[in-house]
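A.B. asks: Have a peek at upload02.cif (mmCIF, C-alpha atoms).
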data_data
#
loop_
_atom_site.group_PDB
_atom_site.id
_atom_site.type_symbol
_atom_site.label_atom_id
_atom_site.label_comp_id
_atom_site.auth_asym_id
_atom_site.auth_seq_id
_atom_site.Cartn_x
_atom_site.Cartn_y
_atom_site.Cartn_z
ATOM 1 C CA PRO A 1 13.729 -4.494 16.498
ATOM 2 C CA ASP A 2 16.160 -6.226 14.104
ATOM 3 C CA SER A 3 16.464 -9.281 16.382
ATOM 4 C CA ASN A 4 12.764 -9.602 17.249
ATOM 5 C CA ARG A 5 10.801 -12.197 15.275
ATOM 6 C CA PHE A 6 7.505 -10.380 15.853
ATOM 7 C CA SER A 7 9.102 -7.188 14.549
ATOM 8 C CA HIS A 8 10.151 -8.916 11.319
ATOM 9 C CA LEU A 9 6.657 -10.359 10.860
ATOM 10 C CA TRP A 10 5.049 -7.003 11.544
ATOM 11 C CA GLN A 11 7.356 -5.304 9.036
ATOM 12 C CA VAL A 12 6.154 -7.748 6.382
ATOM 13 C CA VAL A 13 2.530 -6.932 7.241
ATOM 14 C CA THR A 14 3.111 -3.166 7.108
ATOM 15 C CA ASN A 15 5.014 -3.501 3.824
ATOM 16 C CA PHE A 16 2.008 -5.243 2.271
ATOM 17 C CA ALA A 17 -0.207 -2.484 3.683
ATOM 18 C CA LEU A 18 2.067 0.157 2.153
ATOM 19 C CA ALA A 19 1.954 -1.631 -1.200
ATOM 20 C CA PHE A 20 -1.864 -1.580 -0.996
ATOM 21 C CA VAL A 21 -1.803 2.146 -0.258
ATOM 22 C CA ALA A 22 0.615 2.832 -3.124
ATOM 23 C CA LEU A 23 -1.361 0.861 -5.711
ATOM 24 C CA VAL A 24 -5.018 0.824 -4.674
ATOM 25 C CA THR A 25 -5.581 4.098 -2.817
ATOM 26 C CA PRO A 26 -4.885 6.279 -5.915
ATOM 27 C CA LEU A 27 -7.462 4.210 -7.815
ATOM 28 C CA GLN A 28 -9.992 4.761 -5.039
ATOM 29 C CA VAL A 29 -9.296 8.488 -5.073
ATOM 30 C CA GLY A 30 -9.378 9.006 -8.826
ATOM 31 C CA LEU A 31 -11.687 6.373 -10.276
ATOM 32 C CA LEU A 32 -13.870 4.473 -7.825
ATOM 33 C CA GLU A 33 -16.988 5.615 -5.996
ATOM 34 C CA ILE A 34 -17.246 5.294 -2.225
ATOM 35 C CA ARG A 35 -19.589 2.451 -1.270
ATOM 36 C CA TRP A 36 -19.881 -0.490 1.088
ATOM 37 C CA ASP A 37 -18.058 -3.377 -0.612
ATOM 38 C CA ALA A 38 -15.164 -5.798 -0.144
ATOM 39 C CA LEU A 39 -12.604 -3.163 -1.164
ATOM 40 C CA PHE A 40 -13.933 -0.804 1.500
ATOM 41 C CA VAL A 41 -13.537 -3.537 4.134
ATOM 42 C CA ILE A 42 -9.959 -4.223 2.989
ATOM 43 C CA THR A 43 -9.180 -0.509 3.162
ATOM 44 C CA TRP A 44 -10.615 -0.394 6.676
ATOM 45 C CA CYS A 45 -8.403 -3.352 7.681
ATOM 46 C CA VAL A 46 -5.347 -1.569 6.254
ATOM 47 C CA ASP A 47 -6.230 1.480 8.347
ATOM 48 C CA ILE A 48 -6.370 -0.744 11.431
ATOM 49 C CA ILE A 49 -2.890 -2.063 10.605
ATOM 50 C CA PHE A 50 -1.540 1.484 10.421
ATOM 51 C CA MET A 51 -3.340 2.381 13.642
ATOM 52 C CA ILE A 52 -1.678 -0.528 15.451
ATOM 53 C CA ASP A 53 1.647 0.435 13.883
ATOM 54 C CA MET A 54 1.225 3.997 15.149
ATOM 55 C CA VAL A 55 0.776 2.681 18.695
ATOM 56 C CA LEU A 56 3.801 0.366 18.356
ATOM 57 C CA GLN A 57 5.988 3.270 17.254
ATOM 58 C CA PHE A 58 5.774 4.657 20.802
ATOM 59 C CA VAL A 59 7.638 1.591 22.111
ATOM 60 C CA THR A 60 9.909 0.793 19.143
ATOM 61 C CA MET A 61 13.579 1.659 19.556
ATOM 62 C CA TYR A 62 15.168 3.848 16.899
ATOM 63 C CA PRO A 63 18.853 4.273 15.902
ATOM 64 C CA LYS A 64 20.670 7.395 17.063
ATOM 65 C CA THR A 65 24.156 8.682 16.284
ATOM 66 C CA THR A 66 26.596 8.767 19.186
ATOM 67 C CA ALA A 67 30.347 9.073 19.630
ATOM 68 C CA ARG A 68 30.524 5.261 19.499
ATOM 69 C CA GLY A 69 28.515 5.047 16.281
ATOM 70 C CA LEU A 70 24.874 4.077 15.802
ATOM 71 C CA GLU A 71 23.054 2.912 18.915
ATOM 72 C CA LEU A 72 19.434 2.036 19.632
ATOM 73 C CA GLU A 73 17.535 4.388 21.939
ATOM 74 C CA SER A 74 15.788 2.353 24.664
ATOM 75 C CA ARG A 75 14.389 5.054 26.975
ATOM 76 C CA PRO A 76 10.562 5.093 26.538
ATOM 77 C CA TRP A 77 10.158 8.845 26.923
ATOM 78 C CA LYS A 78 12.882 9.502 24.354
ATOM 79 C CA ILE A 79 11.249 7.079 21.899
ATOM 80 C CA ALA A 80 7.842 8.709 22.360
ATOM 81 C CA LYS A 81 9.280 12.221 21.974
ATOM 82 C CA HIS A 82 11.168 11.241 18.818
ATOM 83 C CA TYR A 83 8.038 9.754 17.232
ATOM 84 C CA VAL A 84 5.851 12.739 18.134
ATOM 85 C CA MET A 85 8.444 15.117 16.650
ATOM 86 C CA THR A 86 8.788 13.131 13.393
ATOM 87 C CA TRP A 87 6.017 10.910 11.991
ATOM 88 C CA PHE A 88 3.165 11.058 14.502
ATOM 89 C CA PHE A 89 1.257 13.966 12.951
ATOM 90 C CA LEU A 90 1.442 12.492 9.443
ATOM 91 C CA ASP A 91 0.373 9.042 10.660
ATOM 92 C CA PHE A 92 -2.530 10.513 12.612
ATOM 93 C CA LEU A 93 -3.657 12.678 9.673
ATOM 94 C CA THR A 94 -3.742 9.754 7.244
ATOM 95 C CA LEU A 95 -5.896 7.694 9.631
ATOM 96 C CA ILE A 96 -8.853 10.084 9.502
ATOM 97 C CA PRO A 97 -11.726 7.870 8.154
ATOM 98 C CA LEU A 98 -13.006 10.200 5.431
ATOM 99 C CA ASP A 99 -14.712 7.383 3.530
ATOM 100 C CA THR A 100 -16.615 6.195 6.587
ATOM 101 C CA ILE A 101 -17.660 9.760 7.415
ATOM 102 C CA GLY A 102 -18.941 10.193 3.871
ATOM 103 C CA LEU A 103 -20.918 6.966 3.888
ATOM 104 C CA LEU A 104 -22.475 7.660 7.296
ATOM 105 C CA SER A 105 -23.456 11.166 6.162
ATOM 106 C CA GLY A 106 -25.848 9.861 3.473
ATOM 107 C CA LYS A 107 -25.841 10.041 -0.318
ATOM 108 C CA ASP A 108 -26.508 13.786 -0.537
ATOM 109 C CA ARG A 109 -23.705 14.637 1.845
ATOM 110 C CA LEU A 110 -21.491 12.111 0.072
ATOM 111 C CA LYS A 111 -21.712 14.102 -3.139
ATOM 112 C CA ASP A 112 -20.693 17.217 -1.237
ATOM 113 C CA LEU A 113 -17.683 15.379 0.190
ATOM 114 C CA ARG A 114 -16.449 14.164 -3.192
ATOM 115 C CA SER A 115 -13.744 16.821 -3.413
ATOM 116 C CA ILE A 116 -12.524 15.776 0.061
ATOM 117 C CA LYS A 117 -11.444 12.443 -1.452
ATOM 118 C CA VAL A 118 -8.309 14.178 -2.638
ATOM 119 C CA ILE A 119 -7.108 14.342 0.974
ATOM 120 C CA ARG A 120 -6.955 10.555 1.058
ATOM 121 C CA VAL A 121 -3.920 10.712 -1.214
ATOM 122 C CA LEU A 122 -1.996 11.829 1.885
ATOM 123 C CA ARG A 123 -1.729 8.143 2.742
ATOM 124 C CA LEU A 124 0.850 7.902 -0.038
ATOM 125 C CA LEU A 125 3.197 10.015 2.068
ATOM 126 C CA LYS A 126 3.640 6.949 4.283
ATOM 127 C CA LEU A 127 5.866 5.561 1.538
ATOM 128 C CA MET A 128 8.442 8.180 2.491
ATOM 129 C CA ARG A 129 9.131 6.163 5.646
ATOM 130 C CA LEU A 130 10.592 3.372 3.502
ATOM 131 C CA LEU A 131 12.253 5.684 0.998
ATOM 132 C CA ARG A 132 14.070 7.692 3.688
ATOM 133 C CA SER A 133 15.325 4.740 5.703
ATOM 134 C CA SER A 134 16.117 2.465 2.732
ATOM 135 C CA LYS A 135 15.481 -0.480 5.064
ATOM 136 C CA LEU A 136 13.393 -2.235 2.444
ATOM 137 C CA THR A 137 16.278 -2.137 -0.040
ATOM 138 C CA HIS A 138 18.647 -3.474 2.599
ATOM 139 C CA ARG A 139 16.292 -6.354 3.368
ATOM 140 C CA VAL A 140 16.360 -7.281 -0.315
ATOM 141 C CA GLU A 141 20.142 -7.007 -0.566
ATOM 142 C CA ILE A 142 21.023 -8.937 2.608
ATOM 143 C CA PRO A 143 19.690 -12.445 1.765
ATOM 144 C CA VAL A 144 21.100 -12.630 -1.767
ATOM 145 C CA SER A 145 24.018 -11.302 -3.735
ATOM 146 C CA ILE A 146 22.592 -8.788 -6.266
ATOM 147 C CA PRO A 147 24.725 -6.405 -8.380
ATOM 148 C CA TYR A 148 24.036 -2.824 -7.351
ATOM 149 C CA GLN A 149 23.595 -1.707 -10.948
ATOM 150 C CA HIS A 150 20.715 -4.160 -11.326
ATOM 151 C CA ILE A 151 19.108 -3.032 -8.066
ATOM 152 C CA ALA A 152 19.301 0.635 -9.058
ATOM 153 C CA LEU A 153 17.921 0.050 -12.553
ATOM 154 C CA LEU A 154 15.066 -2.041 -11.183
ATOM 155 C CA ARG A 155 14.312 0.615 -8.557
ATOM 156 C CA PHE A 156 14.131 3.384 -11.165
ATOM 157 C CA LEU A 157 11.915 1.243 -13.392
ATOM 158 C CA LEU A 158 9.519 0.693 -10.484
ATOM 159 C CA VAL A 159 9.607 4.419 -9.660
ATOM 160 C CA LEU A 160 8.746 5.247 -13.279
ATOM 161 C CA ILE A 161 5.829 2.792 -13.360
ATOM 162 C CA LEU A 162 4.541 3.941 -9.962
ATOM 163 C CA ALA A 163 4.843 7.637 -10.837
ATOM 164 C CA CYS A 164 2.844 7.097 -14.029
ATOM 165 C CA HIS A 165 0.252 5.192 -11.974
ATOM 166 C CA TRP A 166 -0.171 8.049 -9.499
ATOM 167 C CA LEU A 167 -0.304 10.720 -12.205
ATOM 168 C CA ALA A 168 -2.808 8.665 -14.193
ATOM 169 C CA CYS A 169 -5.128 8.485 -11.195
ATOM 170 C CA VAL A 170 -4.848 12.258 -10.670
ATOM 171 C CA TRP A 171 -5.583 12.861 -14.366
ATOM 172 C CA ALA A 172 -8.620 10.559 -14.205
ATOM 173 C CA MET A 173 -9.855 12.390 -11.107
ATOM 174 C CA THR A 174 -10.372 15.561 -13.178
ATOM 175 C CA LEU A 175 -13.391 13.863 -14.804
ATOM 176 C CA LYS A 176 -15.145 13.850 -11.413
ATOM 177 C CA LEU A 177 -14.218 17.423 -10.524
ATOM 178 C CA VAL A 178 -15.604 18.998 -13.727
ATOM 179 C CA ASP A 179 -19.241 18.866 -14.799
ATOM 180 C CA GLU A 180 -19.944 16.764 -17.895
ATOM 181 C CA LYS A 181 -21.515 19.732 -19.708
ATOM 182 C CA TYR A 182 -18.032 21.226 -20.139
ATOM 183 C CA PRO A 183 -15.467 19.867 -22.625
ATOM 184 C CA GLN A 184 -13.269 17.135 -21.135
ATOM 185 C CA TRP A 185 -10.208 15.243 -22.279
ATOM 186 C CA ILE A 186 -12.145 11.997 -22.605
ATOM 187 C CA ASN A 187 -14.611 13.358 -25.175
ATOM 188 C CA GLU A 188 -12.545 12.255 -28.179
ATOM 189 C CA ILE A 189 -12.153 8.749 -26.790
ATOM 190 C CA GLU A 190 -15.894 8.545 -26.052
ATOM 191 C CA ALA A 191 -16.687 9.616 -29.623
ATOM 192 C CA ALA A 192 -14.388 6.900 -30.996
ATOM 193 C CA ASP A 193 -15.854 4.166 -28.752
ATOM 194 C CA LEU A 194 -19.527 5.111 -29.023
ATOM 195 C CA PRO A 195 -20.101 3.593 -32.540
ATOM 196 C CA PHE A 196 -19.126 0.233 -31.011
ATOM 197 C CA GLY A 197 -21.673 0.586 -28.209
ATOM 198 C CA ILE A 198 -18.988 1.307 -25.573
ATOM 199 C CA ARG A 199 -19.557 3.970 -22.929
ATOM 200 C CA THR A 200 -16.003 4.773 -21.919
ATOM 201 C CA ARG A 201 -16.983 7.021 -19.036
ATOM 202 C CA ASP A 202 -18.839 4.154 -17.330
ATOM 203 C CA SER A 203 -15.762 1.885 -17.366
ATOM 204 C CA PRO A 204 -13.071 2.711 -14.758
ATOM 205 C CA ILE A 205 -10.679 0.297 -16.495
ATOM 206 C CA ARG A 206 -10.959 2.103 -19.837
ATOM 207 C CA ILE A 207 -10.558 5.480 -18.148
ATOM 208 C CA TYR A 208 -7.475 4.261 -16.284
ATOM 209 C CA ILE A 209 -5.858 2.839 -19.440
ATOM 210 C CA ALA A 210 -6.443 6.117 -21.288
ATOM 211 C CA SER A 211 -5.078 8.123 -18.351
ATOM 212 C CA TYR A 212 -2.020 5.893 -18.009
ATOM 213 C CA TYR A 213 -1.374 6.197 -21.752
ATOM 214 C CA PHE A 214 -1.591 9.991 -21.485
ATOM 215 C CA CYS A 215 0.794 10.167 -18.515
ATOM 216 C CA CYS A 216 3.296 7.767 -20.078
ATOM 217 C CA TYR A 217 3.840 9.836 -23.209
ATOM 218 C CA THR A 218 3.788 13.024 -21.125
ATOM 219 C CA MET A 219 6.501 11.774 -18.747
ATOM 220 C CA THR A 220 8.729 10.396 -21.509
ATOM 221 C CA SER A 221 8.558 13.731 -23.388
ATOM 222 C CA VAL A 222 7.017 12.174 -26.484
ATOM 223 C CA GLY A 223 4.452 14.974 -26.698
ATOM 224 C CA TYR A 224 0.685 15.139 -27.095
ATOM 225 C CA GLY A 225 -1.070 13.040 -29.678
ATOM 226 C CA ASP A 226 -4.767 12.224 -29.969
ATOM 227 C CA PHE A 227 -6.106 14.037 -26.862
ATOM 228 C CA GLY A 228 -5.152 16.642 -24.274
ATOM 229 C CA PRO A 229 -6.634 19.090 -21.736
ATOM 230 C CA ARG A 230 -9.930 20.714 -22.741
ATOM 231 C CA ASN A 231 -10.911 22.971 -19.807
ATOM 232 C CA VAL A 232 -9.267 25.253 -17.254
ATOM 233 C CA LEU A 233 -8.969 22.665 -14.480
ATOM 234 C CA GLU A 234 -7.502 20.082 -16.836
ATOM 235 C CA ARG A 235 -4.952 22.605 -18.111
ATOM 236 C CA MET A 236 -3.933 23.410 -14.521
ATOM 237 C CA VAL A 237 -3.615 19.725 -13.599
ATOM 238 C CA CYS A 238 -1.838 18.997 -16.876
ATOM 239 C CA THR A 239 0.666 21.782 -16.197
ATOM 240 C CA TRP A 240 1.420 20.241 -12.801
ATOM 241 C CA ILE A 241 1.749 16.788 -14.385
ATOM 242 C CA VAL A 242 4.155 18.100 -17.017
ATOM 243 C CA LEU A 243 6.351 19.791 -14.406
ATOM 244 C CA THR A 244 6.294 16.781 -12.066
ATOM 245 C CA SER A 245 6.880 14.210 -14.774
ATOM 246 C CA GLY A 246 9.603 16.346 -16.361
ATOM 247 C CA LEU A 247 11.535 16.546 -13.106
ATOM 248 C CA SER A 248 11.017 12.833 -12.437
ATOM 249 C CA TRP A 249 12.124 11.862 -15.944
ATOM 250 C CA ALA A 250 15.197 14.093 -15.743
ATOM 251 C CA TYR A 251 16.109 12.579 -12.362
ATOM 252 C CA ILE A 252 15.683 9.022 -13.623
ATOM 253 C CA LEU A 253 17.724 9.676 -16.759
ATOM 254 C CA GLY A 254 20.459 11.338 -14.733
ATOM 255 C CA GLU A 255 20.649 8.454 -12.280
ATOM 256 C CA VAL A 256 20.654 5.847 -15.036
ATOM 257 C CA CYS A 257 23.469 7.698 -16.818
ATOM 258 C CA ALA A 258 25.375 7.797 -13.535
ATOM 259 C CA ILE A 259 24.948 4.041 -13.182
ATOM 260 C CA VAL A 260 26.169 3.442 -16.706
ATOM 261 C CA SER A 261 29.207 5.632 -16.090
ATOM 262 C CA GLU A 262 29.961 3.662 -12.887
ATOM 263 C CA MET A 263 28.884 6.542 -10.633
ATOM 264 C CA THR A 264 31.523 7.830 -8.203
ATOM 265 C CA ALA A 265 34.860 6.315 -7.236
ATOM 266 C CA GLU A 266 33.657 5.769 -3.666
ATOM 267 C CA SER A 267 30.610 3.823 -4.795
ATOM 268 C CA GLN A 268 32.766 1.803 -7.153
ATOM 269 C CA ARG A 269 35.119 0.885 -4.325
ATOM 270 C CA PHE A 270 32.202 -0.154 -2.137
ATOM 271 C CA ARG A 271 30.715 -2.318 -4.889
ATOM 272 C CA LYS A 272 34.099 -3.985 -5.399
ATOM 273 C CA LYS A 273 34.366 -4.565 -1.655
ATOM 274 C CA MET A 274 30.932 -6.215 -1.601
ATOM 275 C CA HIS A 275 31.849 -8.285 -4.666
ATOM 276 C CA HIS A 276 35.036 -9.480 -2.975
ATOM 277 C CA LEU A 277 33.065 -10.226 0.203
ATOM 278 C CA ASN A 278 30.544 -12.332 -1.723
ATOM 279 C CA SER A 279 33.345 -14.161 -3.530
ATOM 280 C CA LEU A 280 35.181 -14.825 -0.259
ATOM 281 C CA MET A 281 32.068 -16.158 1.455
ATOM 282 C CA GLU A 282 31.332 -18.368 -1.532
ATOM 283 C CA GLU A 283 34.888 -19.776 -1.578
ATOM 284 C CA GLN A 284 34.898 -20.428 2.172
ATOM 285 C CA GLY A 285 31.424 -21.972 2.110
ATOM 286 C CA LEU A 286 30.112 -19.825 4.959
ATOM 287 C CA PRO A 287 26.587 -20.633 6.211
ATOM 288 C CA THR A 288 23.759 -18.458 4.928
ATOM 289 C CA PRO A 289 22.926 -16.760 8.308
ATOM 290 C CA LEU A 290 26.553 -15.645 8.678
ATOM 291 C CA ARG A 291 26.591 -14.322 5.103
ATOM 292 C CA CYS A 292 23.479 -12.272 5.834
ATOM 293 C CA ARG A 293 25.038 -10.840 9.010
ATOM 294 C CA LEU A 294 28.214 -9.848 7.154
ATOM 295 C CA ARG A 295 26.302 -8.177 4.307
ATOM 296 C CA SER A 296 24.122 -6.382 6.850
ATOM 297 C CA PHE A 297 27.212 -5.105 8.703
ATOM 298 C CA PHE A 298 28.843 -3.726 5.549
ATOM 299 C CA LEU A 299 25.612 -2.123 4.315
ATOM 300 C CA GLN A 300 24.891 -0.418 7.646
ATOM 301 C CA ASN A 301 28.453 0.903 7.943
ATOM 302 C CA ARG A 302 28.866 1.924 4.333
ATOM 303 C CA HIS A 303 29.382 5.630 5.050
ATOM 304 C CA GLN A 304 31.513 5.271 8.209
#
Show how you would write the structure in this file as structure tokens.
C.D. replies:
Amino acid sequence: PDSNRFSHLWQVVTNFALAFVALVTPLQVGLLEIRWDALFVITWCVDIIFMIDMVLQFVTMYPKTTARGLELESRPWKIAKHYVMTWFFLDFLTLIPLDTIGLLSGKDRLKDLRSIKVIRVLRLLKLMRLLRSSKLTHRVEIPVSIPYQHIALLRFLLVLILACHWLACVWAMTLKLVDEKYPQWINEIEAADLPFGIRTRDSPIRIYIASYYFCCYTMTSVGYGDFGPRNVLERMVCTWIVLTSGLSWAYILGEVCAIVSEMTAESQRFRKKMHHLNSLMEEQGLPTPLRCRLRSFFLQNRHQ
């Protein structure tokens, strides 16, 4: 797959699809109503991409560890068995067209299926395929010479922003799961906006900004300020958000401190080796394709 031009092009397409799932799907789950529109068509196209990718996984070689090092498995039955035993069930589960089922069921049935929208967040688990393999990070590192401290800091910043995005969408979703006759966290904001003729609840953008603001100061341990949970469901969700964001914030701080303190001696030696490699290639004026191959070799054999 690494030497196939179609494979590289398809990886770009699936990466864009994964970015759509990571950014847009939480908004669809937490803020937007299900209806026939351009966004629904785009979501349907993304599902088709993942469906094609699921079929291609049955014929895509995967690396396996042998006595001679990493080798690509080429036997079709082995490839199919490996995929069925790993990612097939998750891929199949996330392709269930819940939105289409809801729309075809009619408006009354659609209201009954509103709570089922939460299941759509399972699509976000597809991101684990990139996080576990780290292939996306390698593709970024191979073409250019980037200090590893900068890559790690940028990665943790993106993780922080993305985690707040997901939590904000979950927090906004509580407004749809609780009847408006009960107290809700948005009541104070609505009371502040109403004198200006603004109906906050009718604006998904305003709800998202308020939710993101809430999750940001919750994750960074600043504490609660002008609003918080007002009913049982919101307290339960808020408790989960506090635990999740606390663990995420502690992990990010720990990793950043490790980067500042130069991490481990082994990592430091590897970074020096890569720095010397980049300097050598620059001094010798090696062509760019050869530089990419050398960086790829060192990155793939880092732990051998």
A.B. asks: Between atom CA of A:Thr94 and atom CA of A:Ala19, what distance in Å does the model show, to one decimal?
C.D. replies: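 Separation between atom CA of A:Thr94 and atom CA of A:Ala19: 15.3 Å.
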A.B. asks: Show which residues sit within 9 Å of stretch 161-165 of chain A, as a VMD selection string. Count only C-alpha atoms, and ignore same-chain residues fewer than 5 positions away.
C.D. replies: chain A and resid 22 to 23 26 to 27 156 170 208 211 to 213 215 to 216 219 245 248
A.B. asks: Create the file for the chosen residues now, containing C-alpha atoms and written as a tab-separated table (two decimals), in the frame of the given file.
C.D. replies:
chain	number	residue	atom	x	y	z
A	22	ALA	CA	0.62	2.83	-3.12
A	23	LEU	CA	-1.36	0.86	-5.71
A	26	PRO	CA	-4.88	6.28	-5.92
A	27	LEU	CA	-7.46	4.21	-7.82
A	156	PHE	CA	14.13	3.38	-11.16
A	170	VAL	CA	-4.85	12.26	-10.67
A	208	TYR	CA	-7.48	4.26	-16.28
A	211	SER	CA	-5.08	8.12	-18.35
A	212	TYR	CA	-2.02	5.89	-18.01
A	213	TYR	CA	-1.37	6.20	-21.75
A	215	CYS	CA	0.79	10.17	-18.52
A	216	CYS	CA	3.30	7.77	-20.08
A	219	MET	CA	6.50	11.77	-18.75
A	245	SER	CA	6.88	14.21	-14.77
A	248	SER	CA	11.02	12.83	-12.44
A.B. asks: Using all atoms listed in the file, which residue out of A:Gln28, A:Ser7, A:Thr220, A:Thr14 lies closest to A:Met61?
C.D. replies: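 The shortest atom-to-atom distance to A:Met61 comes from A:Ser7.
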A.B. asks: Where does the PyMOL selection byres ((chain A and resi 171) around 12) land in this file, that is, which residues does it pick, as a ChimeraX atom specification?
C.D. replies: /A:26-27,29-31,164-170,172-178,184-186,207-216,218,228-229,233-242
A.B. asks: Decode the PyMOL selection byres ((chain A and resi 43) around 10) for the given file into explicit residues and return them as a short mmCIF file (atom, residue, chain, number, x, y, z; two decimals) with C-alpha atoms, keeping the file's coordinate frame.
C.D. replies:
data_model
loop_
_atom_site.label_atom_id
_atom_site.label_comp_id
_atom_site.auth_asym_id
_atom_site.auth_seq_id
_atom_site.Cartn_x
_atom_site.Cartn_y
_atom_site.Cartn_z
CA ALA A 17 -0.21 -2.48 3.68
CA PHE A 20 -1.86 -1.58 -1.00
CA VAL A 21 -1.80 2.15 -0.26
CA VAL A 24 -5.02 0.82 -4.67
CA THR A 25 -5.58 4.10 -2.82
CA GLN A 28 -9.99 4.76 -5.04
CA ALA A 38 -15.16 -5.80 -0.14
CA LEU A 39 -12.60 -3.16 -1.16
CA PHE A 40 -13.93 -0.80 1.50
CA VAL A 41 -13.54 -3.54 4.13
CA ILE A 42 -9.96 -4.22 2.99
CA TRP A 44 -10.62 -0.39 6.68
CA CYS A 45 -8.40 -3.35 7.68
CA VAL A 46 -5.35 -1.57 6.25
CA ASP A 47 -6.23 1.48 8.35
CA ILE A 48 -6.37 -0.74 11.43
CA ILE A 49 -2.89 -2.06 10.60
CA ASP A 99 -14.71 7.38 3.53
#
A.B. asks: To one decimal in Å, tell me the separation between atom CA of A:Arg291 and atom CA of A:Tyr62.
C.D. replies: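 Separating atom CA of A:Arg291 from atom CA of A:Tyr62 is a distance of 24.5 Å.
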A.B. asks: Please enumerate the residues selected by the PyMOL selection byres ((chain A and resi 95) around 8) when evaluated against the supplied file, formatted as a PyMOL selection string.
C.D. replies: chain A and resi 47+50-51+91-94+96-97
A.B. asks: With C-alpha atoms retained, write the just-selected residues as a compact mmCIF listing (two decimals), in the coordinates of the input.
C.D. replies:
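Result went into again.txt, see below:
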# COMPACT_ATOMS: atom_id res chain seq x y z
CA ASP A 47 -6.23 1.48 8.35
CA PHE A 50 -1.54 1.48 10.42
CA MET A 51 -3.34 2.38 13.64
CA ASP A 91 0.37 9.04 10.66
CA PHE A 92 -2.53 10.51 12.61
CA LEU A 93 -3.66 12.68 9.67
CA THR A 94 -3.74 9.75 7.24
CA ILE A 96 -8.85 10.08 9.50
CA PRO A 97 -11.73 7.87 8.15
A.B. asks: May I ask which of the residues A:Arg230, A:Pro183, A:Trp36, A:Ile151 is the closest one to A:Leu104, counting only C-alpha atoms?
C.D. replies: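 Looking only at the distances to A:Leu104, the closest residue turns out to be A:Trp36.
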